[in-house]
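Pasted below: data18.txt, compact mmCIF, C-alpha atoms.
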```txt
# COMPACT_ATOMS: atom_id res chain seq x y z
CA MET A 214 0.00 0.00 0.00
CA ASP A 215 1.32 3.41 -0.92
CA VAL A 216 0.83 6.30 1.48
CA ILE A 217 0.13 9.56 -0.35
CA ASP A 218 0.63 12.95 1.30
CA PRO A 219 -2.77 14.63 0.86
CA ALA A 220 -1.16 18.08 0.69
CA THR A 221 1.32 17.32 -2.08
CA GLY A 222 0.00 14.17 -3.74
CA GLU A 223 3.47 12.66 -3.40
CA ARG A 224 4.15 9.13 -2.21
CA VAL A 225 5.35 9.29 1.41
CA ASP A 226 5.99 5.63 2.02
CA SER A 227 4.89 2.13 1.10
CA TYR A 228 3.75 -0.70 3.37
CA GLU A 229 2.94 -4.33 2.81
CA ASP A 230 -0.71 -5.16 3.39
CA GLU A 231 -1.36 -7.53 6.27
CA THR A 232 -2.25 -11.01 5.10
CA GLU A 233 -4.79 -13.35 6.63
CA ARG A 234 -1.87 -15.31 8.04
CA ASP A 235 -0.44 -12.13 9.65
CA VAL A 236 -3.77 -11.57 11.37
CA ASP A 237 -3.92 -15.18 12.57
CA VAL A 238 -0.39 -14.91 13.99
CA ALA A 239 -1.29 -11.64 15.77
CA LEU A 240 -4.39 -13.26 17.29
CA VAL A 241 -2.44 -16.28 18.55
CA ARG A 242 0.30 -14.04 19.93
CA ALA A 243 -2.28 -11.84 21.67
CA THR A 244 -4.07 -14.83 23.19
CA ASP A 245 -0.78 -16.24 24.45
CA ALA A 246 0.34 -12.86 25.82
CA PHE A 247 -2.95 -12.38 27.64
CA GLU A 248 -2.38 -15.41 29.86
CA SER A 249 0.63 -13.84 31.55
CA TRP A 250 -0.26 -10.15 31.07
CA ARG A 251 -3.48 -10.47 33.04
CA GLU A 252 -1.50 -11.78 36.04
CA ARG A 253 0.94 -8.88 36.18
CA PRO A 254 0.38 -6.58 39.14
CA ILE A 255 -1.57 -3.42 38.34
CA ARG A 256 1.34 -1.30 39.56
CA GLU A 257 3.64 -2.89 36.98
CA ARG A 258 1.10 -2.20 34.21
CA GLU A 259 0.79 1.40 35.42
CA GLN A 260 4.57 1.81 35.30
CA LEU A 261 4.70 0.52 31.73
CA LEU A 262 1.97 2.97 30.75
CA GLU A 263 3.95 5.78 32.35
CA ALA A 264 6.92 4.67 30.23
CA ALA A 265 4.71 4.79 27.12
CA GLY A 266 3.90 8.42 27.94
CA ASP A 267 7.62 9.12 28.18
CA VAL A 268 8.24 7.48 24.79
CA LEU A 269 5.51 9.61 23.25
CA ARG A 270 7.06 12.81 24.58
CA GLU A 271 10.59 11.80 23.53
CA ASN A 272 9.46 11.19 19.94
CA LYS A 273 6.67 13.74 19.70
CA ARG A 274 8.00 15.53 16.63
CA GLU A 275 8.54 12.30 14.68
CA TYR A 276 5.01 11.04 15.45
CA ALA A 277 3.48 14.41 14.59
CA GLU A 278 5.30 14.47 11.27
CA THR A 279 4.02 10.98 10.49
CA MET A 280 0.45 12.16 11.08
CA THR A 281 0.99 15.25 8.97
CA GLY A 282 2.50 13.29 6.09
CA GLU A 283 -0.10 10.54 6.09
CA MET A 284 -3.36 12.33 6.72
CA GLY A 285 -2.62 16.03 6.42
CA LYS A 286 -3.12 17.11 10.01
CA PRO A 287 -1.47 20.50 10.61
CA ILE A 288 1.79 19.99 12.52
CA GLU A 289 0.71 22.03 15.57
CA GLN A 290 -2.45 19.94 15.90
CA ALA A 291 -0.45 16.75 15.46
CA LEU A 292 2.01 17.80 18.18
CA ALA A 293 -0.92 18.55 20.49
CA GLU A 294 -2.45 15.15 19.71
CA VAL A 295 0.72 13.33 20.72
CA GLU A 296 0.93 15.38 23.91
CA LYS A 297 -2.71 14.53 24.69
CA CYS A 298 -1.88 10.83 24.29
CA ALA A 299 1.02 11.19 26.72
CA TRP A 300 -1.35 12.91 29.16
CA CYS A 301 -3.78 9.98 28.77
CA CYS A 302 -0.96 7.58 29.66
CA ASP A 303 -0.08 9.68 32.69
CA HIS A 304 -3.70 9.76 33.83
CA TYR A 305 -4.26 6.02 33.72
CA ALA A 306 -0.80 5.34 35.13
CA GLU A 307 -1.86 7.36 38.18
CA TYR A 308 -5.52 6.35 38.55
CA ALA A 309 -6.03 2.90 36.99
CA GLY A 310 -5.51 1.11 40.30
CA ALA A 311 -8.25 3.18 41.94
CA TYR A 312 -10.60 2.77 38.97
CA LEU A 313 -10.19 -1.00 39.05
CA GLU A 314 -10.66 -1.56 42.78
CA ALA A 315 -13.52 -3.86 43.70
CA GLU A 316 -16.71 -2.05 44.67
CA HIS A 317 -18.55 -3.50 47.66
CA HIS A 318 -22.35 -3.25 47.80
CA PRO A 319 -24.84 -3.64 50.63
CA SER A 320 -25.97 -7.25 50.96
CA SER A 321 -27.89 -9.59 53.22
CA PRO A 322 -26.19 -10.69 56.43
CA GLY A 323 -23.70 -13.47 55.79
CA THR A 324 -23.25 -12.56 52.12
CA SER A 325 -20.90 -10.37 50.21
CA VAL A 326 -21.71 -8.52 47.01
CA ARG A 327 -19.08 -6.72 45.02
CA THR A 328 -18.33 -5.59 41.52
CA VAL A 329 -14.90 -6.66 40.26
CA HIS A 330 -13.11 -5.62 37.11
CA GLU A 331 -11.47 -8.64 35.52
CA PRO A 332 -9.47 -8.62 32.27
CA LEU A 333 -11.44 -9.93 29.28
CA GLY A 334 -8.73 -10.97 26.85
CA PRO A 335 -7.67 -9.71 23.44
CA VAL A 336 -9.64 -6.62 22.41
CA LEU A 337 -9.82 -5.55 18.76
CA ALA A 338 -9.85 -1.82 18.09
CA VAL A 339 -10.91 -0.69 14.62
CA MET A 340 -9.81 2.93 14.41
CA PRO A 341 -10.52 5.91 12.15
CA TRP A 342 -7.95 8.12 10.47
CA ASN A 343 -8.87 11.59 11.75
CA PHE A 344 -7.17 11.28 15.17
CA PRO A 345 -4.75 8.46 14.39
CA PHE A 346 -2.93 8.52 17.73
CA TRP A 347 -5.57 9.83 20.12
CA GLN A 348 -8.30 7.34 19.19
CA VAL A 349 -5.88 4.47 19.79
CA PHE A 350 -4.49 5.73 23.10
CA ARG A 351 -7.88 6.53 24.57
CA PHE A 352 -8.67 2.84 23.97
CA ALA A 353 -5.29 1.28 24.72
CA ALA A 354 -4.34 3.09 27.93
CA PRO A 355 -7.26 1.87 30.06
CA TYR A 356 -7.69 -1.52 28.38
CA LEU A 357 -4.02 -2.53 28.60
CA THR A 358 -3.70 -1.27 32.15
CA ALA A 359 -6.80 -3.26 33.11
CA GLY A 360 -4.98 -6.43 32.02
CA ASN A 361 -6.35 -6.89 28.53
CA VAL A 362 -4.25 -7.08 25.38
CA GLY A 363 -4.93 -4.98 22.29
CA LEU A 364 -5.09 -5.62 18.56
CA LEU A 365 -5.22 -2.58 16.30
CA LYS A 366 -6.84 -2.48 12.88
CA HIS A 367 -6.11 1.07 11.88
CA ALA A 368 -7.51 3.05 8.97
CA SER A 369 -5.78 2.14 5.74
CA ASN A 370 -4.42 5.64 5.10
CA VAL A 371 -2.39 5.83 8.33
CA PRO A 372 -0.27 2.67 8.40
CA GLY A 373 2.82 4.55 9.57
CA CYS A 374 0.88 5.78 12.59
CA ALA A 375 -0.12 2.19 13.39
CA VAL A 376 3.50 1.05 13.15
CA ALA A 377 4.64 3.98 15.33
CA ILE A 378 2.03 3.25 18.01
CA GLU A 379 3.01 -0.41 18.15
CA GLU A 380 6.63 0.73 18.56
CA VAL A 381 5.66 3.08 21.42
CA PHE A 382 4.44 0.13 23.46
CA ARG A 383 7.38 -2.06 22.51
CA GLU A 384 9.89 0.66 23.43
CA ALA A 385 8.09 1.26 26.73
CA GLY A 386 8.72 -2.37 27.66
CA TYR A 387 5.38 -4.04 27.01
CA PRO A 388 5.69 -7.77 26.35
CA ARG A 389 5.38 -9.10 22.81
CA GLY A 390 1.76 -9.63 21.85
CA SER A 391 0.28 -7.29 24.45
CA PHE A 392 -0.36 -4.65 21.75
CA SER A 393 -0.15 -5.40 18.03
CA ARG A 394 -1.47 -4.09 14.78
CA CYS A 395 -3.21 -6.46 12.43
```
Could you write out this structure as structure tokens?
Amino acid sequence: MDVIDPATGERVDSYEDETERDVDVALVRATDAFESWRERPIREREQLLEAAGDVLRENKREYAETMTGEMGKPIEQALAEVEKCAWCCDHYAEYAGAYLEAEHHPSSPGTSVRTVHEPLGPVLAVMPWNFPFWQVFRFAAPYLTAGNVGLLKHASNVPGCAVAIEEVFREAGYPRGSFSRC
């Protein structure tokens, strides 16, 4: 697939389309990763998310330029979008543990009623192109920190953004298969 800069009409980059086999491999990897990821302590998952926010800030210009080249977002808006994603990581790194605490409810004597938040497994996110980083991070930050793993099917005109986001999580130290594009 060729990526065309909407402002200039020039080819920015080229990516191989994912095959059915690539998707199957990503699903198997995600399922395998989930078994151990769900058992990691919430504090460890929060620390990894904090590291993802750091990676975003360290590479903010590069990510913003990828957005601008692929989908035409003005560079100042793209920079702000990356910063908002880093803020999202910071927020869930600080508050996820509190959000996920069990909630106890009044119950009959001798019984206990509570709401618990258990990881579900691999979660597929099909994302639009207009906020190529923000839409993904507003999904990924809480879902990954809650113990789920993520699979990203991004819009076809922003494949470089999908690759970059996957690299954010890898560079932050997330285990293989915990967040993948497919």
Within-12 Å shell of (-1.3, -13.5, 34.9) in input frame, all atoms listed in the file, as a VMD selection string: chain A and resid 245 to 255 257 to 258 331 to 332 334 359 to 362
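Excluding Gly266 (chain A) and any residue on its chain fewer than 2 positions from it, the residues at most 10 Å away by only C-alpha atoms are Gln260, Leu261, Leu262, Glu263, Ala264, Val268, Leu269, Arg270, Glu271, Val295, Glu296, Lys297, Cys298, Ala299, Trp300, Cys301, Cys302, Asp303, His304, Ala306, Ala354, Val381, Phe382 and Ala385 of chain A.
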Separation of CA of Phe352 (chain A) from CA of Ala338 (chain A), in Å and rounded to one decimal: 7.6 Å
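For the pair CA of Leu365 (chain A) and CA of Thr328 (chain A), the interatomic distance is 28.6 Å.
When CA of Ile217 (chain A) is paired with CA of Asn370 (chain A), their separation reads 8.1 Å.
Restricting the calculation to all atoms listed in the file, the smallest distance between Tyr387 (chain A) and any of A:Ala309, A:Val236, A:Ala265, A:Met340 is found for A:Ala265.
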Missing atoms in region 289-312 of chain A need filling: write out N, CA and C atoms for it as a CSV table (one decimal), keeping the file's coordinate frame.
```
chain,number,residue,atom,x,y,z
A,289,GLU,N,1.0,21.6,14.2
A,289,GLU,CA,0.7,22.0,15.6
A,289,GLU,C,-0.4,21.2,16.2
A,290,GLN,N,-1.4,20.8,15.4
A,290,GLN,CA,-2.4,19.9,15.9
A,290,GLN,C,-1.9,18.5,16.1
A,291,ALA,N,-1.0,18.1,15.3
A,291,ALA,CA,-0.4,16.8,15.5
A,291,ALA,C,0.4,16.7,16.7
A,292,LEU,N,1.2,17.7,17.0
A,292,LEU,CA,2.0,17.8,18.2
A,292,LEU,C,1.1,17.8,19.4
A,293,ALA,N,0.0,18.5,19.4
A,293,ALA,CA,-0.9,18.6,20.5
A,293,ALA,C,-1.6,17.2,20.7
A,294,GLU,N,-1.9,16.5,19.6
A,294,GLU,CA,-2.4,15.2,19.7
A,294,GLU,C,-1.5,14.2,20.4
A,295,VAL,N,-0.2,14.2,20.1
A,295,VAL,CA,0.7,13.3,20.7
A,295,VAL,C,0.8,13.7,22.2
A,296,GLU,N,0.9,15.0,22.5
A,296,GLU,CA,0.9,15.4,23.9
A,296,GLU,C,-0.3,14.9,24.7
A,297,LYS,N,-1.5,15.0,24.0
A,297,LYS,CA,-2.7,14.5,24.7
A,297,LYS,C,-2.6,13.0,25.0
A,298,CYS,N,-2.0,12.3,24.1
A,298,CYS,CA,-1.9,10.8,24.3
A,298,CYS,C,-1.0,10.6,25.5
A,299,ALA,N,0.1,11.3,25.6
A,299,ALA,CA,1.0,11.2,26.7
A,299,ALA,C,0.3,11.5,28.0
A,300,TRP,N,-0.5,12.6,28.0
A,300,TRP,CA,-1.4,12.9,29.2
A,300,TRP,C,-2.3,11.7,29.5
A,301,CYS,N,-2.9,11.1,28.5
A,301,CYS,CA,-3.8,10.0,28.8
A,301,CYS,C,-3.0,8.8,29.5
A,302,CYS,N,-1.8,8.6,29.0
A,302,CYS,CA,-1.0,7.6,29.7
A,302,CYS,C,-0.7,8.0,31.1
A,303,ASP,N,-0.3,9.2,31.3
A,303,ASP,CA,-0.1,9.7,32.7
A,303,ASP,C,-1.3,9.5,33.6
A,304,HIS,N,-2.5,9.8,33.0
A,304,HIS,CA,-3.7,9.8,33.8
A,304,HIS,C,-4.0,8.3,34.3
A,305,TYR,N,-4.0,7.4,33.3
A,305,TYR,CA,-4.3,6.0,33.7
A,305,TYR,C,-3.1,5.4,34.5
A,306,ALA,N,-1.9,5.8,34.3
A,306,ALA,CA,-0.8,5.3,35.1
A,306,ALA,C,-1.0,5.7,36.6
A,307,GLU,N,-1.6,6.9,36.8
A,307,GLU,CA,-1.9,7.4,38.2
A,307,GLU,C,-3.1,6.8,38.8
A,308,TYR,N,-4.2,6.7,38.0
A,308,TYR,CA,-5.5,6.4,38.6
A,308,TYR,C,-6.1,5.0,38.2
A,309,ALA,N,-5.5,4.2,37.4
A,309,ALA,CA,-6.0,2.9,37.0
A,309,ALA,C,-6.3,2.0,38.2
A,310,GLY,N,-5.3,2.0,39.1
A,310,GLY,CA,-5.5,1.1,40.3
A,310,GLY,C,-6.8,1.5,41.1
A,311,ALA,N,-7.0,2.7,41.2
A,311,ALA,CA,-8.2,3.2,41.9
A,311,ALA,C,-9.5,2.8,41.1
A,312,TYR,N,-9.4,3.1,39.8
A,312,TYR,CA,-10.6,2.8,39.0
A,312,TYR,C,-11.0,1.3,39.0
```
